[in-house]
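Q: Dropping in data31.txt, which is compact mmCIF, C-alpha atoms and all ligand atoms:
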# COMPACT_ATOMS: atom_id res chain seq x y z
CA MET A 287 51.27 33.31 -45.75
CA THR A 288 49.82 30.45 -47.83
CA SER A 289 46.07 30.22 -48.24
CA ASN A 290 46.16 27.12 -46.00
CA GLU A 291 47.83 29.10 -43.24
CA ARG A 292 45.39 31.96 -43.78
CA LEU A 293 42.50 29.49 -43.49
CA ALA A 294 43.93 28.17 -40.20
CA GLN A 295 44.16 31.74 -38.92
CA LEU A 296 40.63 32.57 -40.08
CA THR A 297 39.27 29.40 -38.43
CA ALA A 298 40.85 30.40 -35.13
CA GLU A 299 39.88 34.07 -35.30
CA ARG A 300 36.42 34.00 -36.83
CA PHE A 301 35.06 30.49 -37.11
CA GLU A 302 35.94 28.87 -33.82
CA GLY A 303 33.71 25.80 -33.54
CA LEU A 304 33.66 25.05 -37.26
CA PRO A 305 36.00 22.32 -38.51
CA ARG A 306 38.87 23.46 -40.70
CA SER A 307 38.96 20.06 -42.38
CA CYS A 308 36.32 17.31 -42.12
CA GLY A 309 38.56 14.60 -43.59
CA ASN A 310 35.66 13.23 -45.64
CA SER A 311 36.66 12.85 -49.28
CA VAL A 312 33.73 10.60 -50.22
CA ASP A 313 30.54 12.53 -49.50
CA PRO A 314 31.35 15.78 -47.68
CA GLY A 315 28.38 18.04 -47.00
CA VAL A 316 25.74 15.49 -47.91
CA VAL A 317 22.95 15.99 -45.40
CA THR A 318 19.58 14.30 -45.33
CA ALA A 319 16.72 16.42 -44.02
CA ALA A 320 13.15 16.81 -45.21
CA ASP A 321 13.49 20.59 -45.45
CA TRP A 322 16.66 20.37 -47.55
CA ARG A 323 16.64 17.54 -50.07
CA ASP A 324 14.46 16.84 -53.13
CA TRP A 325 12.95 20.21 -53.87
CA SER A 326 11.54 19.00 -57.20
CA ARG A 327 7.89 19.54 -56.23
CA ASN A 328 8.35 22.42 -53.77
CA GLU A 329 7.87 26.12 -54.43
CA THR A 330 10.97 28.07 -55.38
CA SER A 331 12.49 29.57 -52.22
CA VAL A 332 12.10 33.33 -51.70
CA ASP A 333 15.86 33.75 -51.87
CA GLN A 334 16.19 32.01 -55.23
CA ALA A 335 13.16 33.98 -56.50
CA ARG A 336 14.99 37.21 -55.62
CA ILE A 337 18.04 36.05 -57.57
CA GLU A 338 15.80 35.19 -60.54
CA ASP A 339 14.31 38.71 -60.42
CA TYR A 340 17.78 40.23 -60.45
CA LEU A 341 18.96 38.01 -63.29
CA ASP A 342 15.93 39.11 -65.30
CA ARG A 343 17.41 42.64 -65.46
CA PHE A 344 20.41 41.55 -67.56
CA PRO A 345 20.67 41.11 -71.31
CA LEU A 346 21.15 37.33 -71.36
CA ALA A 347 21.53 36.36 -75.02
CA GLY A 348 24.36 33.81 -75.34
CA LYS A 349 25.12 33.86 -71.59
CA ARG A 350 26.04 30.72 -69.67
CA ILE A 351 24.66 30.05 -66.21
CA LEU A 352 25.68 27.42 -63.68
CA HIS A 353 22.79 26.71 -61.31
CA VAL A 354 23.82 24.85 -58.17
CA GLY A 355 20.84 23.25 -56.39
CA ILE A 356 18.27 23.29 -59.20
CA GLY A 357 15.26 22.46 -57.00
CA ASN A 358 12.10 22.57 -59.15
CA SER A 359 14.00 23.97 -62.20
CA SER A 360 12.04 27.24 -62.12
CA LEU A 361 15.19 29.11 -63.10
CA ALA A 362 15.67 27.03 -66.25
CA ARG A 363 11.96 27.21 -67.11
CA LYS A 364 12.09 30.99 -66.83
CA PHE A 365 15.37 31.70 -68.61
CA SER A 366 16.25 28.84 -70.98
CA ASP A 367 14.78 30.58 -74.03
CA ARG A 368 16.81 33.74 -73.35
CA VAL A 369 20.29 32.35 -72.58
CA GLY A 370 22.99 30.32 -74.31
CA GLU A 371 23.06 27.51 -71.75
CA ILE A 372 22.12 26.67 -68.18
CA VAL A 373 24.08 23.85 -66.54
CA GLY A 374 22.26 22.49 -63.49
CA ILE A 375 23.66 20.59 -60.50
CA SER A 376 21.78 18.63 -57.87
CA ILE A 377 22.35 15.66 -55.59
CA ASP A 378 18.70 14.65 -55.78
CA PRO A 379 17.67 12.29 -58.61
CA PRO A 380 13.98 13.44 -58.57
CA GLU A 381 15.17 17.01 -59.28
CA LEU A 382 17.30 15.75 -62.17
CA ALA A 383 14.38 13.70 -63.50
CA ARG A 384 12.10 16.74 -63.39
CA ALA A 385 14.78 18.83 -65.17
CA GLN A 386 15.19 16.21 -67.90
CA SER A 387 11.42 15.90 -68.34
CA LEU A 388 11.35 19.54 -69.47
CA GLY A 389 13.17 18.52 -72.66
CA LEU A 390 15.21 21.74 -72.83
CA ALA A 391 18.16 21.24 -75.19
CA ASN A 392 20.26 23.98 -73.54
CA TYR A 393 19.69 22.72 -69.98
CA PRO A 394 22.07 19.83 -69.24
CA THR A 395 21.95 18.64 -65.63
CA VAL A 396 24.49 16.68 -63.62
CA GLU A 397 24.29 14.76 -60.34
CA ARG A 398 27.14 16.29 -58.38
CA ASN A 399 28.08 17.03 -54.77
CA LYS A 400 29.38 20.61 -54.91
CA TYR A 401 31.62 20.16 -51.84
CA ALA A 402 33.39 17.16 -53.39
CA GLY A 403 34.68 19.12 -56.40
CA LEU A 404 32.71 20.37 -59.38
CA GLY A 405 34.53 18.05 -61.81
CA LEU A 406 36.25 18.54 -65.16
CA ASP A 407 33.01 17.99 -67.08
CA ILE A 408 31.51 21.18 -65.60
CA GLU A 409 33.42 23.50 -67.86
CA GLY A 410 33.41 27.27 -67.63
CA PRO A 411 33.35 30.02 -68.40
CA PHE A 412 30.03 30.96 -66.80
CA ASP A 413 28.64 34.49 -66.76
CA PHE A 414 26.55 33.70 -63.69
CA ILE A 415 26.94 31.03 -61.02
CA ILE A 416 23.86 30.81 -58.83
CA ASP A 417 23.95 29.15 -55.43
CA ASN A 418 21.49 30.50 -52.89
CA ASN A 419 22.63 28.08 -50.15
CA VAL A 420 26.44 28.25 -50.33
CA THR A 421 27.05 27.09 -46.74
CA SER A 422 23.69 25.61 -45.69
CA ALA A 423 24.94 22.02 -45.38
CA CYS A 424 28.67 22.65 -45.36
CA CYS A 425 31.08 20.25 -43.67
CA CYS A 426 34.30 22.25 -43.20
CA LEU A 427 36.11 25.42 -44.23
CA THR A 428 38.53 23.54 -46.50
CA HIS A 429 35.69 22.18 -48.65
CA LEU A 430 33.98 25.59 -48.61
CA LEU A 431 37.18 27.24 -49.87
CA GLY A 432 37.51 24.47 -52.48
CA LEU A 433 33.98 25.20 -53.68
CA LEU A 434 34.64 28.94 -53.95
CA ASP A 435 37.93 28.23 -55.80
CA GLY A 436 35.98 26.02 -58.22
CA TYR A 437 33.45 28.79 -58.81
CA ARG A 438 36.14 31.44 -59.38
CA GLU A 439 38.02 29.21 -61.84
CA ARG A 440 34.84 28.89 -63.90
CA LEU A 441 33.86 32.57 -63.98
CA ALA A 442 33.87 34.40 -67.32
CA PRO A 443 35.44 37.86 -67.42
CA GLY A 444 32.84 40.18 -65.84
CA GLY A 445 31.07 37.12 -64.42
CA GLN A 446 29.63 36.79 -60.94
CA ILE A 447 28.38 34.38 -58.32
CA LEU A 448 24.95 35.30 -56.98
CA THR A 449 23.67 34.33 -53.58
CA ASP A 450 21.32 35.78 -50.95
CA ARG A 451 21.66 36.67 -47.28
CA GLU A 452 18.57 34.65 -46.34
CA GLY A 453 19.79 31.47 -48.05
CA LEU A 454 23.27 32.05 -46.67
CA GLY A 455 21.90 32.35 -43.15
CA TRP A 456 19.68 29.27 -43.41
CA ILE A 457 20.55 25.70 -42.46
CA PRO A 458 18.33 22.60 -42.66
CA GLN A 459 16.51 22.56 -39.32
CA ALA A 460 16.14 18.81 -39.01
CA ALA A 461 19.78 17.95 -39.72
CA GLY A 462 21.26 19.01 -36.38
CA LEU A 463 24.02 21.00 -38.07
CA ASN A 464 26.31 23.44 -36.34
CA PRO A 465 24.35 26.76 -36.33
CA ARG A 466 27.61 28.62 -37.00
CA TRP A 467 27.13 27.62 -40.65
CA ARG A 468 24.51 30.38 -40.74
CA PHE A 469 26.81 32.75 -42.57
CA THR A 470 26.60 36.52 -42.82
CA LEU A 471 27.84 38.47 -45.82
CA GLU A 472 30.97 39.30 -43.81
CA ASP A 473 31.58 35.61 -43.02
CA LEU A 474 31.31 34.70 -46.68
CA ALA A 475 33.49 37.65 -47.70
CA SER A 476 36.28 36.51 -45.37
CA VAL A 477 36.50 33.02 -46.94
CA ALA A 478 35.83 34.27 -50.49
CA GLU A 479 38.80 36.63 -50.19
CA LEU A 480 41.09 33.59 -49.86
CA ALA A 481 39.67 32.34 -53.17
CA GLY A 482 40.40 35.70 -54.81
CA LEU A 483 36.76 36.82 -54.80
CA SER A 484 35.29 39.99 -53.41
CA ALA A 485 31.82 40.12 -51.93
CA GLU A 486 29.41 42.98 -52.42
CA PRO A 487 25.81 43.48 -51.29
CA ILE A 488 23.14 44.28 -53.89
CA GLY A 489 20.20 45.90 -52.10
CA ALA A 490 19.03 44.42 -48.80
CA ASN A 491 19.31 40.71 -49.60
CA LEU A 492 21.40 39.79 -52.60
CA VAL A 493 25.12 39.17 -52.45
CA THR A 494 27.49 38.95 -55.39
CA LEU A 495 31.02 37.54 -55.53
CA SER A 496 33.33 38.44 -58.36
CA CYS A 497 36.96 38.98 -59.24
CA GLY A 498 38.12 41.99 -61.20
CA GLY A 499 34.75 43.61 -61.90
CA ARG A 500 31.33 42.29 -62.77
CA SER A 501 28.61 43.19 -65.23
CA THR A 502 25.56 45.11 -63.99
CA PRO A 503 21.97 45.31 -65.27
CA THR A 504 21.50 47.57 -68.29
CA ALA A 505 18.77 50.22 -68.64
CA GLY A 506 17.24 48.44 -71.66
CA ALA A 507 17.14 45.03 -69.96
CA ARG A 508 15.73 46.60 -66.80
CA SER A 509 12.85 48.17 -68.74
CA ALA A 510 12.16 44.89 -70.53
CA SER A 511 12.07 43.18 -67.13
CA LEU A 512 9.56 45.72 -65.81
CA VAL A 513 7.34 45.15 -68.85
CA ARG A 514 7.52 41.34 -68.38
CA ARG A 515 6.65 41.64 -64.69
CA GLY A 516 3.79 44.04 -65.41
CA ALA A 517 2.36 41.66 -68.03
CA LYS A 518 2.59 38.73 -65.59
CA ALA A 519 0.85 40.70 -62.83
CA LEU A 520 -1.94 41.66 -65.25
CA SER A 521 -2.42 38.07 -66.36
CA ARG A 522 -2.57 36.88 -62.73
CA ARG A 523 -5.17 39.58 -61.99
CA ALA A 524 -7.23 38.64 -65.06
CA LYS A 525 -7.22 34.99 -63.92
CA ARG A 526 -8.48 35.98 -60.46
CA LEU A 527 -11.26 38.15 -61.92
CA ARG A 528 -12.45 35.54 -64.46
CA PRO A 529 -16.00 34.45 -63.49
CA ARG A 530 -16.22 30.88 -62.22
CA ARG A 531 -18.76 28.54 -63.76
C1 LIG B 601 16.41 23.63 -50.16
S1 LIG B 601 16.73 23.08 -51.80
C2 LIG B 601 16.71 24.64 -52.68
C3 LIG B 601 16.33 24.50 -54.13
C4 LIG B 601 16.35 25.81 -54.92
N1 LIG B 601 17.69 26.32 -55.06
C5 LIG B 601 15.46 26.84 -54.29
O1 LIG B 601 15.99 27.68 -53.54
O2 LIG B 601 14.24 26.82 -54.51
C6 LIG B 601 18.46 22.64 -51.72
C7 LIG B 601 19.07 22.27 -53.05
O3 LIG B 601 20.48 22.05 -52.90
C8 LIG B 601 20.83 20.81 -53.48
N2 LIG B 601 21.97 20.30 -52.70
C9 LIG B 601 21.97 19.94 -51.41
N3 LIG B 601 23.21 19.55 -51.03
C10 LIG B 601 23.99 19.66 -52.14
C11 LIG B 601 25.37 19.37 -52.41
N4 LIG B 601 26.17 18.92 -51.46
N5 LIG B 601 25.81 19.59 -53.66
C12 LIG B 601 24.99 20.05 -54.64
N6 LIG B 601 23.69 20.34 -54.45
C13 LIG B 601 23.20 20.14 -53.21
C14 LIG B 601 19.60 19.94 -53.38
O4 LIG B 601 19.64 18.89 -54.34
C15 LIG B 601 18.52 21.00 -53.69
O5 LIG B 601 18.45 21.21 -55.07
Show me the file's structure as structure tokens.
Ligand SMILES: C[S@@+](CC[C@H](N)C(=O)[O-])C[C@H]1O[C@@H](n2cnc3c(N)ncnc32)[C@H](O)[C@@H]1O
A:
Amino acid sequence: MTSNERLAQLTAERFEGLPRSCGNSVDPGVVTAADWRDWSRNETSVDQARIEDYLDRFPLAGKRILHVGIGNSSLARKFSDRVGEIVGISIDPPELARAQSLGLANYPTVERNKYAGLGLDIEGPFDFIIDNNVTSACCCLTHLLGLLDGYRERLAPGGQILTDREGLGWIPQAAGLNPRWRFTLEDLASVAELAGLSAEPIGANLVTLSCGGRSTPTAGARSASLVRRGAKALSRRAKRLRPRR
């Protein structure tokens, strides 16, 4: 069975109500809603924050990260001095402007609609691809499979795509989207399999997709992460206790 036939079967068996193909080759999956677009001045979502915490447990020297949906660029601010490169994607010019204003030489950003094809200029291999809202504004299963194919093609050996159950199960409220786009891990796994990726939970919330094995946090990097988090907690506490004048 070809992957197209498999997708047709999957649509009928599991995703009845979701379009197999939207027929939009211009701007598929571009949705305007206040709770979805231009995250440049908003707080990092809890799901992305969880992914950042997990990433912090890896030795990252020389690693390349593709961050899809850069929001307020907290990920780049936190990790740019520890990695080789972070390539950021957004469809919101204010997010790209904020990213550029940081002046980080190893943080190139690109305006790109992920459902319309990542493009030849977004070159792998990436050790981590981070997308906490893989299906949140998706248009059809064909474009979703195309996105996952694009991610797999750009993965380094041992690389992984990181997402989160909360982000996966969230859709922009105001956009009137089909609620069936609230994906579970099992939903994502069934489409990812067609792209040659296997899905695996990490703890209660995180989800990783990989092909042929993925790297895991090391003991040394985990301890360093604990020390960093402890130091941050102490500094926050000291700020709270400082007498006000
Ligand atoms: C709700 S914000 C989340 C921002 C950040 N990842 C976080 O969790 O804090 C959604 C992000 O996805 C990006 N986005 C929305 N639709 C997109 C699309 N079709 N292609 C690429 N990025 C998209 C927006 O520009 C924005 O950065």
Q: Starting from 4 Å padding per side, set up an axis-aligned box that covers all listed atoms of ligand LIG 601 (chain B) and hand over centre and edge lengths in Å, one decimal, as AutoDock Vina command-line options.
A:
--center_x 20.2 --center_y 23.3 --center_z -52.6 --size_x 19.9 --size_y 16.8 --size_z 12.9
Q: Using all atoms listed in the file, which of the listed residues (A:Ile356, A:Val332, A:Leu293, A:Ile408) sits closest to Val477 of chain A?
A: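 With all atoms listed in the file as the atom set, the closest residue is A:Leu293.
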Q: Could you list the protein, DNA and RNA residues that have any atom within 7 Å of ligand LIG 601 (chain B), counting all atoms listed in the file, and write them as a PyMOL selection string?
A: chain A and resi 315-317+321-325+329-331+333-334+354-358+375-378+381+398-401+417-419+423
Q: Choose the residue, out of A:Thr428, A:Ser307, A:Gln295, A:Ser496, that has the smallest atom-to-atom separation from Ser484 of chain A; count all atoms listed in the file.
A: A:Ser496
Q: Tell me, in Å to one decimal, how far atom CA of Pro458 of chain A is from atom CA of Asp313 of chain A.
A: 17.2 Å
Q: Residues at most 7 Å from segment 366-369 of chain A, counting only C-alpha atoms, excluding those fewer than 4 positions away in the same chain, as JSON, numbers by chain?
A: {"A": [346, 347, 348, 349, 350, 362, 392]}
Q: Between A:Glu439, A:Pro379, A:Thr421, A:Gly444, which has the minimum distance to Ala481 of chain A (counting all atoms listed in the file)?
A: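 Checking each candidate against Ala481 of chain A, we get A:Glu439 as the closest.
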Q: Which of these, A:Pro394, A:Gly445, A:Gly374, A:Gly462, has the shortest distance to Leu483 of chain A once you count only C-alpha atoms?
A: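 The closest residue to Leu483 of chain A is A:Gly445.
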Q: Here is a test: counting all atoms listed in the file, which residue of A:Tyr437, A:Phe301, A:Phe365, A:Phe412 is nearest to Arg468 of chain A?
A: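 Ranking A:Tyr437, A:Phe301, A:Phe365, A:Phe412 by distance to Arg468 of chain A, first place goes to A:Phe301.
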Q: Using all atoms listed in the file, pick whichever of A:Ile351, A:Ile415, A:Leu480, A:Cys425 has the shortest atom-to-atom distance to Asn464 of chain A.
A: A:Cys425
Q: Can you tell me, as a list in words, what residues are no more than 12 Å from Ala335 of chain A when counting all atoms listed in the file, ignoring any on the same chain fewer than 5 positions away?
A: Glu329, Thr330, Tyr340, Leu341, Asp342, Gly357, Asn358, Ser359, Ser360, Leu361, Lys364, Ile416, Asp417, Asn418, Leu448, Thr449, Asp450, Glu452, Gly453, Asn491 and Leu492 of chain A
Q: Go ahead and write the selection's residues with C-alpha atoms as an mmCIF file, in the frame of the given file.
A:
data_model
loop_
_atom_site.group_PDB
_atom_site.id
_atom_site.type_symbol
_atom_site.label_atom_id
_atom_site.label_comp_id
_atom_site.auth_asym_id
_atom_site.auth_seq_id
_atom_site.Cartn_x
_atom_site.Cartn_y
_atom_site.Cartn_z
ATOM 1 C CA GLU A 329 7.870 26.120 -54.430
ATOM 2 C CA THR A 330 10.970 28.070 -55.380
ATOM 3 C CA TYR A 340 17.780 40.230 -60.450
ATOM 4 C CA LEU A 341 18.960 38.010 -63.290
ATOM 5 C CA ASP A 342 15.930 39.110 -65.300
ATOM 6 C CA GLY A 357 15.260 22.460 -57.000
ATOM 7 C CA ASN A 358 12.100 22.570 -59.150
ATOM 8 C CA SER A 359 14.000 23.970 -62.200
ATOM 9 C CA SER A 360 12.040 27.240 -62.120
ATOM 10 C CA LEU A 361 15.190 29.110 -63.100
ATOM 11 C CA LYS A 364 12.090 30.990 -66.830
ATOM 12 C CA ILE A 416 23.860 30.810 -58.830
ATOM 13 C CA ASP A 417 23.950 29.150 -55.430
ATOM 14 C CA ASN A 418 21.490 30.500 -52.890
ATOM 15 C CA LEU A 448 24.950 35.300 -56.980
ATOM 16 C CA THR A 449 23.670 34.330 -53.580
ATOM 17 C CA ASP A 450 21.320 35.780 -50.950
ATOM 18 C CA GLU A 452 18.570 34.650 -46.340
ATOM 19 C CA GLY A 453 19.790 31.470 -48.050
ATOM 20 C CA ASN A 491 19.310 40.710 -49.600
ATOM 21 C CA LEU A 492 21.400 39.790 -52.600
#
Q: Using atom CA of Leu512 of chain A and atom CA of Asp339 of chain A as the two end points, give the distance in Å to one decimal.
A: 10.0 Å
Q: Can you list, as a list in words, every protein, DNA or RNA residue that comes within 9 Å of Val493 of chain A when you count all atoms listed in the file, leaving out same-chain residues fewer than 4 positions away?
A: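 With the cut-off at 9 Å, the set is Ile447, Leu448, Thr449, Asp450, Arg451, Leu471, Ala485, Glu486, Pro487, Ile488 and Gly489 of chain A.
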Q: As an exercise, work out the distance from atom CA of Gly455 of chain A to atom CA of Phe469 of chain A in Å and give it to one decimal place.
A: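 Pair atom CA of Gly455 of chain A / atom CA of Phe469 of chain A returns 5.0 Å.
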Q: May I have the residues at most 10 Å from (35.5, 27.1, -45.7) in the file's coordinates, counting all atoms listed in the file, as a list in words?
A: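 The residues that fall inside the cut-off are Leu293, Leu296, Thr297, Phe301, Leu304, Pro305, Arg306, Ser307, Thr421, Cys424, Cys425, Cys426, Leu427, Thr428, His429, Leu430, Leu431, Gly432, Leu433, Leu434, Trp467, Asp473, Leu474, Ser476, Val477, Ala478 and Leu480 of chain A.
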